[in-house]
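Visitor: First the structure, then my questions, so here it is.
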Amino acid sequence: MSENYPHLFRPLDLGYTQLKNRSVMGSMHTGLEDRSKHFPALAKYFEERARGGVALCVTGGFAPNLAGSLLPLGSKLSRSWETGRHAQVTSAVHAHGSKIALQILHAGRYGYTPICVSASAIKSPISMFKPRAISKRGIHKTIRDYANTARLARKAGYDGVEIMGSEGYFINQFLVERTNKRNDEWGGEFENRMRLPVEIVRAVREAAGDDFMIIYRLSMLDLVEGGSTWEEVVTLGKAIEAAGATIINTGIGWHEARIPTIITPVPRAAFTWVTEKIREHIQLPLITSNRINSPDTAEAVLASGQADMISMARPFLADAEFMNKAQAGHPEQINTCIACNQACLDHVFKAKRASCLVNPRACHETEFITKAASSHKNVAVVGAGPAGLSAACELAEMGHKVDLYDRAKATGGQFNLARKIPGKTEFNETVRYFNQRLKAAGVRVHLETEVDVNVLNNGSYDQVVLATGVVPRTPRIDGIDHAKVCSYIDVIENRVPVGERVAVIGAGGIGFDVAELLVHSHSEQTMNITQFNNEWGIDEEYRERGGLKSPIAPHPQKQVTLLQRKTTKVGAGLGKTSGWAHRASLEANQVDMIAGARYDRIDNAGLHITINDKEKRVIACDNVVICAGQESELAIYEPLQQAGIPVHLIGGAHIASELDAKRAIREGLETAIKINEI
Ligand code: NAP
Ligand code: SF4
């Protein structure tokens, strides 16, 4: 047992096998599961997490048959010849003393295929395909298919399977009347509706044998109208236990739920209370999950007895070495998942390979290979935002001599703005992570230092990386110099007093952030779990189906109007898996969102606009905040080129229009690899 985090590092004895600690790398589709040619990369991805100390990995979902696929020709394990490719994954994990389970996921009506099936022919709001109601014969065959997949998983070397019974997929669709209108023995009374998962667990146990893990992901809190009652959840949990499951995992929220369950504004460990609630009814080990991203949070949850294991999926994408660093007593070295979804789930939902904003190597382990420097270079990195931090750390770790310059008082660049937004305090972790990495790698950091060509010339640098970032764009609007106009930086840095009525020009990521900041007060940076549950309508008493209650309307601090020129829906360009929640939050705070605006002028009366070239309107306001995007900060680029100094442009200085930390950090890594090879 470890001295650090003793509950997290306590082994779990399952009788026929032991898990070395209490960590589970929860299932997450990476996009590497669908094609045989990607399995070497998938094996490397899991191998790094196993080497990093994870006790039990769970793969992304594999369908038990064609109709259950998430995507056309998506991941599936139903034929003997499909097992070969999996053996490289399982042996890579076993080589490091970890275990791995294959997740069996039947998408049901969430399948993005015309052949999808469900309990009844009811279309989901998140897929364009209406499912066919599966026949009775089809149900029996599907149960046999689950058993077959488990048998094949065992043959491929897996230590177990996870049966995905939550998030609104096929099994969930049988459990509730909102999606199950059948009048045969698979519909009607709850006893009938829950027959499918119980029969599946029984069949899987029979097929796979006693010494094989069956994890069942139980939908404990559906968060949709007409979802399960608490009594139904408990009844099903007990029946799953009796049917032969080994471990019960916690499932929170259907994908179509309109309550955020994993993104940044969700408080850490916001749903462990649900796992704790079922504890008195179930004897099996329980896994809890959702927004647990630090060893301290995991340890606290385990120590309080809320669960027996902690599932973290995205935190292990962000840092494969998470567990080893925790065990060594160095949590400050962990690259923390900030729950942004920008490179993981947003990619998966666009059928792109997943990665991680703070760790671009995730799911690309075989591509980004960093080597020790063969010739040591003198490198200057100008700008200590995400791009510059990434480049400086990578270069110094390769063995180059690196000077990092920034005119600001602190490292972090745009992250220092982001972390001041309510619900975005996780960005602090990334700044902390890079700062300790700079120190460990021996980067010489020069803050409050303005550099020009002379400084860089005198430093006799072999290469210069320009990561100078961006400057806010000032749009040409009549009255832009009016005293009531200020920039988003003024507002976020709390540099100017802001009145009660505010118009925000520009509804990109930063416009949304500023609106969120304005409707809250500066002191309200994070919500506690009770405030979060009240604001989003989650009932810890579980009085209604789905665990829902009426949300308590927030009291916005200011009256905000958020405007854009485009005629598309305001917020349409935000992240696929998070944009809707940011929009819903602003709507709850009565933010008026206006698309198709032309900005005519700003004067004492306020902001004069024309909407859709027709309707003239004056937004009476005390302040107008400009969030109209950015332009690259390139003041020293040309002088550097003229002086013949090799220069690499990255981050916002490279492309301002897509100012994006994901690209910035990745470009820092790519540029370091490039310089290393020169
Ligand atoms: P952005 O997303 O490009 O949005 C800029 C906004 O300004 C748009 O609404 C644009 O819409 C408007 N605009 C552009 N030129 C204008 C002009 N000349 N006059 C008036 N309006 C103009 O940029 P951002 O909001 O500064 O965000 C930058 C980046 O930060 C994003 O790309 C994102 O990667 C990141 N970020 C994301 C989030 C998030 O997703 N939650 C939060 C913060 C930051 P119209 O052209 O329609 O007016
Ligand atoms: Fe976490 Fe964001 Fe990385 Fe996804 S992209 S793993 S949410 S930090």
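Labels used: A, B, ... for chains in the order of the structure tokens, numbers from 1 for residues in each chain, and numbers from 1 for ligands as shown.
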Could you pull out the residues sitting within 6 Å of ligand 2, using only C-alpha atoms and all ligand atoms, and write them as a list in words?
Guide: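 Within the 6 Å cut-off, the matching residues are Arg314, Pro315, Leu317, Ala318, Cys337, Ile338, Ala339, Cys340, Asn341, Gln342, Ala343, Cys344, Cys356, Leu357 and Val358 of chain A.
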Visitor: Env of Val301 (chain A): 9 Å cut, atoms = only C-alpha atoms, seq-sep filter 3 positions within chain, self excluded. Answer as a ChimeraX atom specification.
Guide: /A:269,272,288,296-298,304-308,310
Visitor: Can you pull out every residue with an atom within 7 Å of ligand 1? Use only C-alpha atoms and all ligand atoms and format it as an MDAnalysis selection string.
Guide: chainID A and resid 418 475:476 505:513 564:566 574:575 579 627:630 657:661
Visitor: Skip region 551-553 of chain A itself and residues of its chain fewer than 4 positions away, then list as a ChimeraX atom specification all residues within 9 Å of it, counting only C-alpha atoms.
Guide: /A:533-538,588-589
Visitor: For the selection just defined, write its residues with N, CA and C atoms to a file, as a JSON list (two decimals), in the first residue's frame.
Guide:
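Wrote it out as part38.json, contents follow:
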[["chain", "number", "residue", "atom", "x", "y", "z"],
["A", 533, "ASN", "N", -26.76, 21.70, -8.52],
["A", 533, "ASN", "CA", -27.98, 20.89, -8.63],
["A", 533, "ASN", "C", -29.23, 21.77, -8.67],
["A", 534, "ASN", "N", -29.23, 22.82, -7.86],
["A", 534, "ASN", "CA", -30.38, 23.72, -7.86],
["A", 534, "ASN", "C", -30.51, 24.46, -9.18],
["A", 535, "GLU", "N", -29.38, 24.95, -9.70],
["A", 535, "GLU", "CA", -29.44, 25.75, -10.93],
["A", 535, "GLU", "C", -29.85, 24.90, -12.13],
["A", 536, "TRP", "N", -29.45, 23.59, -12.13],
["A", 536, "TRP", "CA", -29.76, 22.76, -13.29],
["A", 536, "TRP", "C", -30.94, 21.83, -13.06],
["A", 537, "GLY", "N", -31.48, 21.80, -11.83],
["A", 537, "GLY", "CA", -32.68, 20.98, -11.60],
["A", 537, "GLY", "C", -32.39, 19.51, -11.39],
["A", 538, "ILE", "N", -31.39, 19.21, -10.55],
["A", 538, "ILE", "CA", -31.07, 17.82, -10.20],
["A", 538, "ILE", "C", -31.51, 17.59, -8.76],
["A", 588, "ALA", "N", -30.78, 31.01, -18.96],
["A", 588, "ALA", "CA", -31.32, 31.00, -17.60],
["A", 588, "ALA", "C", -31.02, 32.32, -16.90],
["A", 589, "ASN", "N", -29.94, 32.96, -17.29],
["A", 589, "ASN", "CA", -29.57, 34.25, -16.69],
["A", 589, "ASN", "C", -30.11, 35.43, -17.50]]
Visitor: Skip region 135-152 of chain A itself and residues of its chain fewer than 5 positions away, then list as a ChimeraX atom specification all residues within 8 Å of it, counting only C-alpha atoms.
Guide: /A:64-65,77-80,83,104,160-161,196,199-200,203-208
Visitor: Using backbone DSSP assignments, extract all strand (DSSP E) residues from region 10-245 of chain A; output them as a PyMOL selection string.
Guide: chain A and resi 12-13+18-19+23-25+56-62+99-104+117-118+132-133+160-165+213-221
Visitor: Using the selection just defined, write its residues with C-alpha atoms as an mmCIF file, in the first residue's frame.
Guide:
data_model
loop_
_atom_site.group_PDB
_atom_site.id
_atom_site.type_symbol
_atom_site.label_atom_id
_atom_site.label_comp_id
_atom_site.auth_asym_id
_atom_site.auth_seq_id
_atom_site.Cartn_x
_atom_site.Cartn_y
_atom_site.Cartn_z
ATOM 1 C CA LEU A 12 -8.980 -4.690 -4.712
ATOM 2 C CA ASP A 13 -9.315 -8.439 -4.387
ATOM 3 C CA GLN A 18 -6.646 -8.657 -8.000
ATOM 4 C CA LEU A 19 -6.669 -5.048 -9.162
ATOM 5 C CA SER A 23 -8.313 3.414 -10.526
ATOM 6 C CA VAL A 24 -10.353 2.607 -13.613
ATOM 7 C CA MET A 25 -9.642 4.201 -16.954
ATOM 8 C CA LEU A 56 -8.145 -1.401 -14.880
ATOM 9 C CA CYS A 57 -8.630 -0.025 -18.388
ATOM 10 C CA VAL A 58 -11.940 -0.212 -20.226
ATOM 11 C CA THR A 59 -11.927 0.082 -24.010
ATOM 12 C CA GLY A 60 -14.205 2.286 -26.069
ATOM 13 C CA GLY A 61 -17.494 0.635 -26.957
ATOM 14 C CA PHE A 62 -17.622 -2.387 -29.280
ATOM 15 C CA LYS A 99 -6.125 -5.411 -16.417
ATOM 16 C CA ILE A 100 -8.360 -4.522 -19.305
ATOM 17 C CA ALA A 101 -12.064 -5.004 -20.029
ATOM 18 C CA LEU A 102 -13.802 -4.639 -23.375
ATOM 19 C CA GLN A 103 -16.885 -2.468 -23.310
ATOM 20 C CA ILE A 104 -19.871 -3.967 -25.111
ATOM 21 C CA VAL A 117 -32.931 -0.736 -33.734
ATOM 22 C CA SER A 118 -34.495 0.101 -30.388
ATOM 23 C CA ARG A 132 -36.791 0.017 -36.186
ATOM 24 C CA ALA A 133 -38.548 -1.652 -33.248
ATOM 25 C CA GLY A 160 -13.570 -8.895 -18.494
ATOM 26 C CA VAL A 161 -16.264 -6.892 -20.222
ATOM 27 C CA GLU A 162 -18.219 -3.808 -19.315
ATOM 28 C CA ILE A 163 -21.856 -3.931 -20.336
ATOM 29 C CA MET A 164 -22.933 -0.413 -21.193
ATOM 30 C CA GLY A 165 -26.331 -0.054 -19.553
ATOM 31 C CA MET A 213 -15.056 -9.649 -14.765
ATOM 32 C CA ILE A 214 -18.480 -8.378 -15.705
ATOM 33 C CA ILE A 215 -18.750 -4.665 -15.022
ATOM 34 C CA TYR A 216 -22.274 -3.370 -15.462
ATOM 35 C CA ARG A 217 -22.675 0.354 -16.101
ATOM 36 C CA LEU A 218 -25.919 1.077 -14.308
ATOM 37 C CA SER A 219 -27.820 4.222 -15.255
ATOM 38 C CA MET A 220 -28.228 5.608 -11.730
ATOM 39 C CA LEU A 221 -29.460 9.072 -12.719
#
Visitor: Could you please determine the separation between CA of Thr113 (chain A) and CA of Ser75 (chain A) in Å, to one decimal place?
Guide: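 Straight-line distance from CA of Thr113 (chain A) to CA of Ser75 (chain A) works out to 12.9 Å.
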Visitor: Can you tell me, as a ChimeraX atom specification, what residues are no more than 10 Å from Asp319 (chain A) when counting only C-alpha atoms, ignoring any on the same chain fewer than 2 positions away?
Guide: /A:48-49,52,314-317,321-323,325,333-337,356,358-359,361-362
Visitor: Keeping N, CA, C and O atoms for every residue in the selection just given, could you write it to a file as a PDB file, in the first residue's frame?
Guide:
ATOM      1  N   GLU A  48       0.612   2.934 -22.583  1.00  0.00           N
ATOM      2  CA  GLU A  48       1.141   4.077 -21.815  1.00  0.00           C
ATOM      3  C   GLU A  48       0.340   4.298 -20.535  1.00  0.00           C
ATOM      4  O   GLU A  48       0.890   4.642 -19.498  1.00  0.00           O
ATOM      5  N   ARG A  49      -0.963   4.094 -20.612  1.00  0.00           N
ATOM      6  CA  ARG A  49      -1.802   4.289 -19.406  1.00  0.00           C
ATOM      7  C   ARG A  49      -1.546   3.171 -18.399  1.00  0.00           C
ATOM      8  O   ARG A  49      -1.544   3.395 -17.184  1.00  0.00           O
ATOM      9  N   GLY A  52       1.585   3.772 -16.791  1.00  0.00           N
ATOM     10  CA  GLY A  52       1.398   4.922 -15.906  1.00  0.00           C
ATOM     11  C   GLY A  52       0.683   4.587 -14.614  1.00  0.00           C
ATOM     12  O   GLY A  52       0.463   5.474 -13.786  1.00  0.00           O
ATOM     13  N   ARG A 314     -11.068  10.958 -19.157  1.00  0.00           N
ATOM     14  CA  ARG A 314     -10.333  12.098 -19.713  1.00  0.00           C
ATOM     15  C   ARG A 314      -9.061  12.425 -18.917  1.00  0.00           C
ATOM     16  O   ARG A 314      -8.037  12.764 -19.519  1.00  0.00           O
ATOM     17  N   PRO A 315      -9.068  12.307 -17.565  1.00  0.00           N
ATOM     18  CA  PRO A 315      -7.820  12.618 -16.844  1.00  0.00           C
ATOM     19  C   PRO A 315      -6.639  11.742 -17.261  1.00  0.00           C
ATOM     20  O   PRO A 315      -5.492  12.176 -17.195  1.00  0.00           O
ATOM     21  N   PHE A 316      -6.928  10.517 -17.738  1.00  0.00           N
ATOM     22  CA  PHE A 316      -5.820   9.675 -18.195  1.00  0.00           C
ATOM     23  C   PHE A 316      -5.437   9.976 -19.648  1.00  0.00           C
ATOM     24  O   PHE A 316      -4.370   9.578 -20.107  1.00  0.00           O
ATOM     25  N   LEU A 317      -6.314  10.646 -20.359  1.00  0.00           N
ATOM     26  CA  LEU A 317      -5.926  11.161 -21.679  1.00  0.00           C
ATOM     27  C   LEU A 317      -4.954  12.312 -21.469  1.00  0.00           C
ATOM     28  O   LEU A 317      -3.941  12.437 -22.142  1.00  0.00           O
ATOM     29  N   GLU A 321       0.600   9.309 -16.998  1.00  0.00           N
ATOM     30  CA  GLU A 321       1.401   8.996 -15.805  1.00  0.00           C
ATOM     31  C   GLU A 321       0.700   9.433 -14.510  1.00  0.00           C
ATOM     32  O   GLU A 321       1.329   9.502 -13.450  1.00  0.00           O
ATOM     33  N   PHE A 322      -0.561   9.769 -14.604  1.00  0.00           N
ATOM     34  CA  PHE A 322      -1.330  10.303 -13.465  1.00  0.00           C
ATOM     35  C   PHE A 322      -1.109   9.475 -12.203  1.00  0.00           C
ATOM     36  O   PHE A 322      -0.734   9.993 -11.145  1.00  0.00           O
ATOM     37  N   MET A 323      -1.314   8.160 -12.304  1.00  0.00           N
ATOM     38  CA  MET A 323      -1.267   7.322 -11.097  1.00  0.00           C
ATOM     39  C   MET A 323       0.157   7.231 -10.540  1.00  0.00           C
ATOM     40  O   MET A 323       0.358   7.307  -9.334  1.00  0.00           O
ATOM     41  N   LYS A 325       2.548   9.412 -10.786  1.00  0.00           N
ATOM     42  CA  LYS A 325       2.914  10.694 -10.173  1.00  0.00           C
ATOM     43  C   LYS A 325       2.245  10.833  -8.807  1.00  0.00           C
ATOM     44  O   LYS A 325       2.854  11.323  -7.854  1.00  0.00           O
ATOM     45  N   GLN A 333       2.795  17.473 -10.453  1.00  0.00           N
ATOM     46  CA  GLN A 333       3.346  17.202 -11.789  1.00  0.00           C
ATOM     47  C   GLN A 333       2.272  16.692 -12.763  1.00  0.00           C
ATOM     48  O   GLN A 333       2.554  16.469 -13.936  1.00  0.00           O
ATOM     49  N   ILE A 334       1.060  16.507 -12.253  1.00  0.00           N
ATOM     50  CA  ILE A 334       0.009  15.940 -13.121  1.00  0.00           C
ATOM     51  C   ILE A 334      -0.537  17.004 -14.072  1.00  0.00           C
ATOM     52  O   ILE A 334      -0.849  18.125 -13.661  1.00  0.00           O
ATOM     53  N   ASN A 335      -0.633  16.617 -15.337  1.00  0.00           N
ATOM     54  CA  ASN A 335      -1.254  17.473 -16.350  1.00  0.00           C
ATOM     55  C   ASN A 335      -2.769  17.229 -16.223  1.00  0.00           C
ATOM     56  O   ASN A 335      -3.285  16.208 -16.673  1.00  0.00           O
ATOM     57  N   THR A 336      -3.441  18.160 -15.599  1.00  0.00           N
ATOM     58  CA  THR A 336      -4.836  17.931 -15.193  1.00  0.00           C
ATOM     59  C   THR A 336      -5.813  18.145 -16.344  1.00  0.00           C
ATOM     60  O   THR A 336      -5.724  19.134 -17.067  1.00  0.00           O
ATOM     61  N   CYS A 337      -6.765  17.235 -16.451  1.00  0.00           N
ATOM     62  CA  CYS A 337      -7.853  17.411 -17.431  1.00  0.00           C
ATOM     63  C   CYS A 337      -8.716  18.583 -16.984  1.00  0.00           C
ATOM     64  O   CYS A 337      -9.176  18.629 -15.847  1.00  0.00           O
ATOM     65  N   CYS A 356      -6.249  15.360 -26.802  1.00  0.00           N
ATOM     66  CA  CYS A 356      -6.465  16.117 -25.575  1.00  0.00           C
ATOM     67  C   CYS A 356      -5.877  17.509 -25.748  1.00  0.00           C
ATOM     68  O   CYS A 356      -4.748  17.644 -26.231  1.00  0.00           O
ATOM     69  N   VAL A 358      -4.730  19.576 -23.554  1.00  0.00           N
ATOM     70  CA  VAL A 358      -3.512  19.835 -22.777  1.00  0.00           C
ATOM     71  C   VAL A 358      -2.422  18.788 -23.040  1.00  0.00           C
ATOM     72  O   VAL A 358      -1.310  18.936 -22.554  1.00  0.00           O
ATOM     73  N   ASN A 359      -2.760  17.739 -23.774  1.00  0.00           N
ATOM     74  CA  ASN A 359      -1.769  16.704 -24.088  1.00  0.00           C
ATOM     75  C   ASN A 359      -1.988  16.206 -25.516  1.00  0.00           C
ATOM     76  O   ASN A 359      -2.678  15.210 -25.748  1.00  0.00           O
ATOM     77  N   ARG A 361      -0.306  14.532 -27.438  1.00  0.00           N
ATOM     78  CA  ARG A 361       0.170  13.175 -27.748  1.00  0.00           C
ATOM     79  C   ARG A 361      -0.941  12.141 -27.538  1.00  0.00           C
ATOM     80  O   ARG A 361      -0.839  11.033 -28.068  1.00  0.00           O
ATOM     81  N   ALA A 362      -1.965  12.469 -26.766  1.00  0.00           N
ATOM     82  CA  ALA A 362      -3.013  11.488 -26.477  1.00  0.00           C
ATOM     83  C   ALA A 362      -3.639  10.977 -27.770  1.00  0.00           C
ATOM     84  O   ALA A 362      -4.032  11.768 -28.636  1.00  0.00           O
TER      85      ALA A 362
END
Visitor: Using only C-alpha atoms, which of A:Asp462, A:Glu426, A:Asp539, A:Glu631 sits nearest Pro265 (chain A)?
Guide: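 The closest residue to Pro265 (chain A) is A:Glu426.
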Visitor: Determine which residues of region 401-471 of chain A receive a DSSP assignment of helix (DSSP H, G or I), computed from the backbone, and state them as a count of residues only.
Guide: 25
Visitor: For each of A:Arg617, A:Arg279, A:Lys401, A:Arg407, take the minimum atom-to-atom distance to Gly469 (chain A), counting only C-alpha atoms, then give the residue where this is smallest.
Guide: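 Closest candidate: A:Arg407.
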Visitor: List the spatial neighbours of region 379-393 of chain A as a tab-separated table (two decimals) with N, CA and C atoms, in the first residue's frame - criterion: any atom at most 7 Å away, only C-alpha atoms, same-chain residues fewer than 5 positions off excluded.
Guide:
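Printed below is part_35.tsv as written:
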chain	number	residue	atom	x	y	z
A	401	LYS	N	18.97	24.56	-24.74
A	401	LYS	CA	19.01	25.67	-23.78
A	401	LYS	C	17.91	26.65	-24.17
A	402	VAL	N	16.96	26.87	-23.28
A	402	VAL	CA	15.78	27.66	-23.66
A	402	VAL	C	15.62	28.89	-22.77
A	403	ASP	N	15.44	30.04	-23.42
A	403	ASP	CA	15.03	31.26	-22.71
A	403	ASP	C	13.59	31.55	-23.11
A	404	LEU	N	12.74	31.74	-22.11
A	404	LEU	CA	11.33	32.05	-22.38
A	404	LEU	C	11.06	33.48	-21.94
A	405	TYR	N	10.58	34.31	-22.87
A	405	TYR	CA	10.34	35.73	-22.58
A	405	TYR	C	8.85	36.03	-22.60
A	406	ASP	N	8.41	36.90	-21.72
A	406	ASP	CA	7.04	37.44	-21.82
A	406	ASP	C	7.03	38.81	-21.15
A	411	THR	N	3.31	33.75	-16.32
A	411	THR	CA	3.12	32.89	-17.48
A	411	THR	C	1.63	32.53	-17.60
A	412	GLY	N	1.23	32.08	-18.77
A	412	GLY	CA	-0.15	31.60	-18.92
A	412	GLY	C	-0.91	32.22	-20.08
A	413	GLY	N	-0.53	33.45	-20.47
A	413	GLY	CA	-1.19	34.10	-21.61
A	413	GLY	C	-2.70	34.13	-21.46
A	414	GLN	N	-3.41	33.70	-22.51
A	414	GLN	CA	-4.88	33.75	-22.52
A	414	GLN	C	-5.49	32.87	-21.42
A	434	PHE	N	2.36	23.69	-16.24
A	434	PHE	CA	3.44	24.17	-17.09
A	434	PHE	C	4.53	24.87	-16.26
A	437	ARG	N	6.73	22.37	-14.82
A	437	ARG	CA	7.51	21.71	-15.88
A	437	ARG	C	8.66	22.62	-16.35
A	438	LEU	N	8.37	23.92	-16.45
A	438	LEU	CA	9.42	24.88	-16.84
A	438	LEU	C	10.59	24.78	-15.87
A	441	ALA	N	12.51	21.47	-16.06
A	441	ALA	CA	13.29	21.32	-17.29
A	441	ALA	C	14.41	22.35	-17.38
A	443	VAL	N	14.11	25.72	-17.84
A	443	VAL	CA	13.90	26.85	-18.77
A	443	VAL	C	14.18	28.15	-18.01
A	461	TYR	N	20.98	33.31	-30.45
A	461	TYR	CA	20.07	32.15	-30.52
A	461	TYR	C	20.16	31.47	-31.88
A	462	ASP	N	20.12	30.14	-31.85
A	462	ASP	CA	20.10	29.37	-33.10
A	462	ASP	C	18.71	29.42	-33.74
A	463	GLN	N	17.70	29.41	-32.88
A	463	GLN	CA	16.31	29.40	-33.36
A	463	GLN	C	15.46	30.27	-32.43
A	464	VAL	N	14.45	30.91	-33.03
A	464	VAL	CA	13.50	31.69	-32.21
A	464	VAL	C	12.10	31.17	-32.47
A	465	VAL	N	11.37	30.93	-31.41
A	465	VAL	CA	9.96	30.53	-31.55
A	465	VAL	C	9.12	31.73	-31.15
A	466	LEU	N	8.31	32.19	-32.08
A	466	LEU	CA	7.49	33.37	-31.80
A	466	LEU	C	6.08	32.93	-31.43
A	467	ALA	N	5.77	33.06	-30.14
A	467	ALA	CA	4.45	32.67	-29.64
A	467	ALA	C	3.84	33.88	-28.95
A	468	THR	N	3.90	35.00	-29.66
A	468	THR	CA	3.51	36.28	-29.05
A	468	THR	C	2.00	36.47	-28.95
A	469	GLY	N	1.25	35.53	-29.47
A	469	GLY	CA	-0.20	35.55	-29.26
A	469	GLY	C	-0.93	36.60	-30.07
A	650	ILE	N	4.02	30.28	-34.01
A	650	ILE	CA	3.04	29.29	-33.50
A	650	ILE	C	1.92	29.98	-32.72
A	651	GLY	N	0.85	29.22	-32.48
A	651	GLY	CA	-0.27	29.70	-31.66
A	651	GLY	C	-1.01	30.85	-32.32
A	661	ALA	N	-6.39	27.09	-27.88
A	661	ALA	CA	-5.32	26.52	-27.05
A	661	ALA	C	-4.95	25.12	-27.51
A	664	ALA	N	-2.61	25.61	-30.25
A	664	ALA	CA	-1.41	26.28	-29.74
A	664	ALA	C	-0.48	25.28	-29.06
A	665	ILE	N	-1.02	24.44	-28.19
A	665	ILE	CA	-0.18	23.49	-27.45
A	665	ILE	C	0.38	22.44	-28.41
A	667	GLU	N	0.98	22.88	-31.62
A	667	GLU	CA	2.02	23.51	-32.44
A	667	GLU	C	3.33	23.68	-31.66
A	668	GLY	N	3.21	23.92	-30.35
A	668	GLY	CA	4.41	24.01	-29.51
A	668	GLY	C	5.19	22.71	-29.57
A	669	LEU	N	4.46	21.60	-29.45
A	669	LEU	CA	5.10	20.27	-29.49
A	669	LEU	C	5.69	20.00	-30.87
A	671	THR	N	6.61	22.07	-33.18
A	671	THR	CA	7.75	22.94	-33.48
A	671	THR	C	8.99	22.47	-32.74
A	672	ALA	N	8.81	22.02	-31.51
A	672	ALA	CA	9.96	21.51	-30.75
A	672	ALA	C	10.56	20.29	-31.47
Visitor: Could you check the closest approach to Ala597 (chain A) for each of A:Glu615, A:Val93, A:Met194, A:Leu302 and tell me which residue wins, using only C-alpha atoms?
Guide: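 Checking each candidate against Ala597 (chain A), we get A:Glu615 as the closest.
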Visitor: Between A:Ala656, A:Ala41, A:Ile292, A:Val470, which one has atoms that come closest to Ile263 (chain A), using only C-alpha atoms?
Guide: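 So, comparing all the options, the nearest one is A:Ile292.
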Visitor: Sorted by chain and rising residue number, list the residues of region 523-605 of chain A at most 10 Å from region 231-255 of chain A (counting only C-alpha atoms), each with its closest atom pair and distance in Å to one decimal, as JSON lines.
Guide:
{"residue": "A:Tyr542", "atom": "CA", "partner": "A:Glu231", "partner_atom": "CA", "distance": 9.5}
{"residue": "A:Arg545", "atom": "CA", "partner": "A:Glu232", "partner_atom": "CA", "distance": 9.5}
{"residue": "A:Gly546", "atom": "CA", "partner": "A:Gly253", "partner_atom": "CA", "distance": 8.5}
{"residue": "A:Gly547", "atom": "CA", "partner": "A:Gly253", "partner_atom": "CA", "distance": 9.7}
{"residue": "A:Thr577", "atom": "CA", "partner": "A:His255", "partner_atom": "CA", "distance": 9.7}
Visitor: Could the residues in this selection be saved with N, CA, C and O atoms as a PDB file, in the first residue's frame?
Guide:
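Everything below was put into again_1.pdb:
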ATOM      1  N   TYR A 542     -34.399  12.599  -5.217  1.00  0.00           N
ATOM      2  CA  TYR A 542     -34.864  11.689  -6.271  1.00  0.00           C
ATOM      3  C   TYR A 542     -36.372  11.459  -6.172  1.00  0.00           C
ATOM      4  O   TYR A 542     -36.855  10.330  -6.213  1.00  0.00           O
ATOM      5  N   ARG A 545     -39.129  10.934 -11.590  1.00  0.00           N
ATOM      6  CA  ARG A 545     -38.396  10.092 -12.547  1.00  0.00           C
ATOM      7  C   ARG A 545     -37.198  10.852 -13.108  1.00  0.00           C
ATOM      8  O   ARG A 545     -37.286  12.054 -13.370  1.00  0.00           O
ATOM      9  N   GLY A 546     -36.098  10.154 -13.297  1.00  0.00           N
ATOM     10  CA  GLY A 546     -34.906  10.760 -13.903  1.00  0.00           C
ATOM     11  C   GLY A 546     -34.088  11.597 -12.939  1.00  0.00           C
ATOM     12  O   GLY A 546     -33.043  12.117 -13.296  1.00  0.00           O
ATOM     13  N   GLY A 547     -34.586  11.776 -11.696  1.00  0.00           N
ATOM     14  CA  GLY A 547     -33.854  12.594 -10.721  1.00  0.00           C
ATOM     15  C   GLY A 547     -33.939  14.081 -11.012  1.00  0.00           C
ATOM     16  O   GLY A 547     -33.058  14.848 -10.622  1.00  0.00           O
ATOM     17  N   THR A 577     -20.060  19.521 -27.716  1.00  0.00           N
ATOM     18  CA  THR A 577     -20.602  18.867 -26.518  1.00  0.00           C
ATOM     19  C   THR A 577     -20.746  19.829 -25.334  1.00  0.00           C
ATOM     20  O   THR A 577     -21.197  19.410 -24.271  1.00  0.00           O
TER      21      THR A 577
END
Visitor: With only C-alpha atoms as the counted atoms, please give the residues lying no more than 9 Å from Phe271 (chain A), apart from itself and same-chain residues fewer than 4 positions off, as an MDAnalysis selection string.
Guide: chainID A and resid 252 261 267 275 288:291 529
Visitor: Could you write out the selected residues, including N, CA and C atoms, as a CSV table (one decimal), in the first residue's frame?
Guide:
chain,number,residue,atom,x,y,z
A,252,ILE,N,-24.3,8.3,-15.5
A,252,ILE,CA,-25.0,9.5,-15.2
A,252,ILE,C,-25.4,10.2,-16.5
A,261,THR,N,-23.0,17.1,-17.4
A,261,THR,CA,-22.6,16.1,-16.4
A,261,THR,C,-21.0,16.0,-16.3
A,267,PRO,N,-19.2,20.9,-10.9
A,267,PRO,CA,-18.2,20.8,-9.8
A,267,PRO,C,-17.5,19.5,-9.8
A,275,THR,N,-23.8,7.4,-6.4
A,275,THR,CA,-23.2,6.1,-6.1
A,275,THR,C,-23.3,5.7,-4.6
A,288,THR,N,-17.4,4.9,-9.0
A,288,THR,CA,-18.1,6.1,-9.2
A,288,THR,C,-17.3,6.9,-10.3
A,289,SER,N,-17.9,7.9,-10.8
A,289,SER,CA,-17.3,8.7,-11.9
A,289,SER,C,-17.8,10.1,-12.1
A,290,ASN,N,-17.4,10.8,-13.1
A,290,ASN,CA,-17.7,12.1,-13.5
A,290,ASN,C,-17.0,13.2,-12.7
A,291,ARG,N,-16.2,13.9,-13.4
A,291,ARG,CA,-15.5,15.1,-12.9
A,291,ARG,C,-14.6,14.8,-11.7
A,529,ILE,N,-21.8,21.8,-5.1
A,529,ILE,CA,-22.7,20.8,-5.8
A,529,ILE,C,-24.1,21.2,-5.5
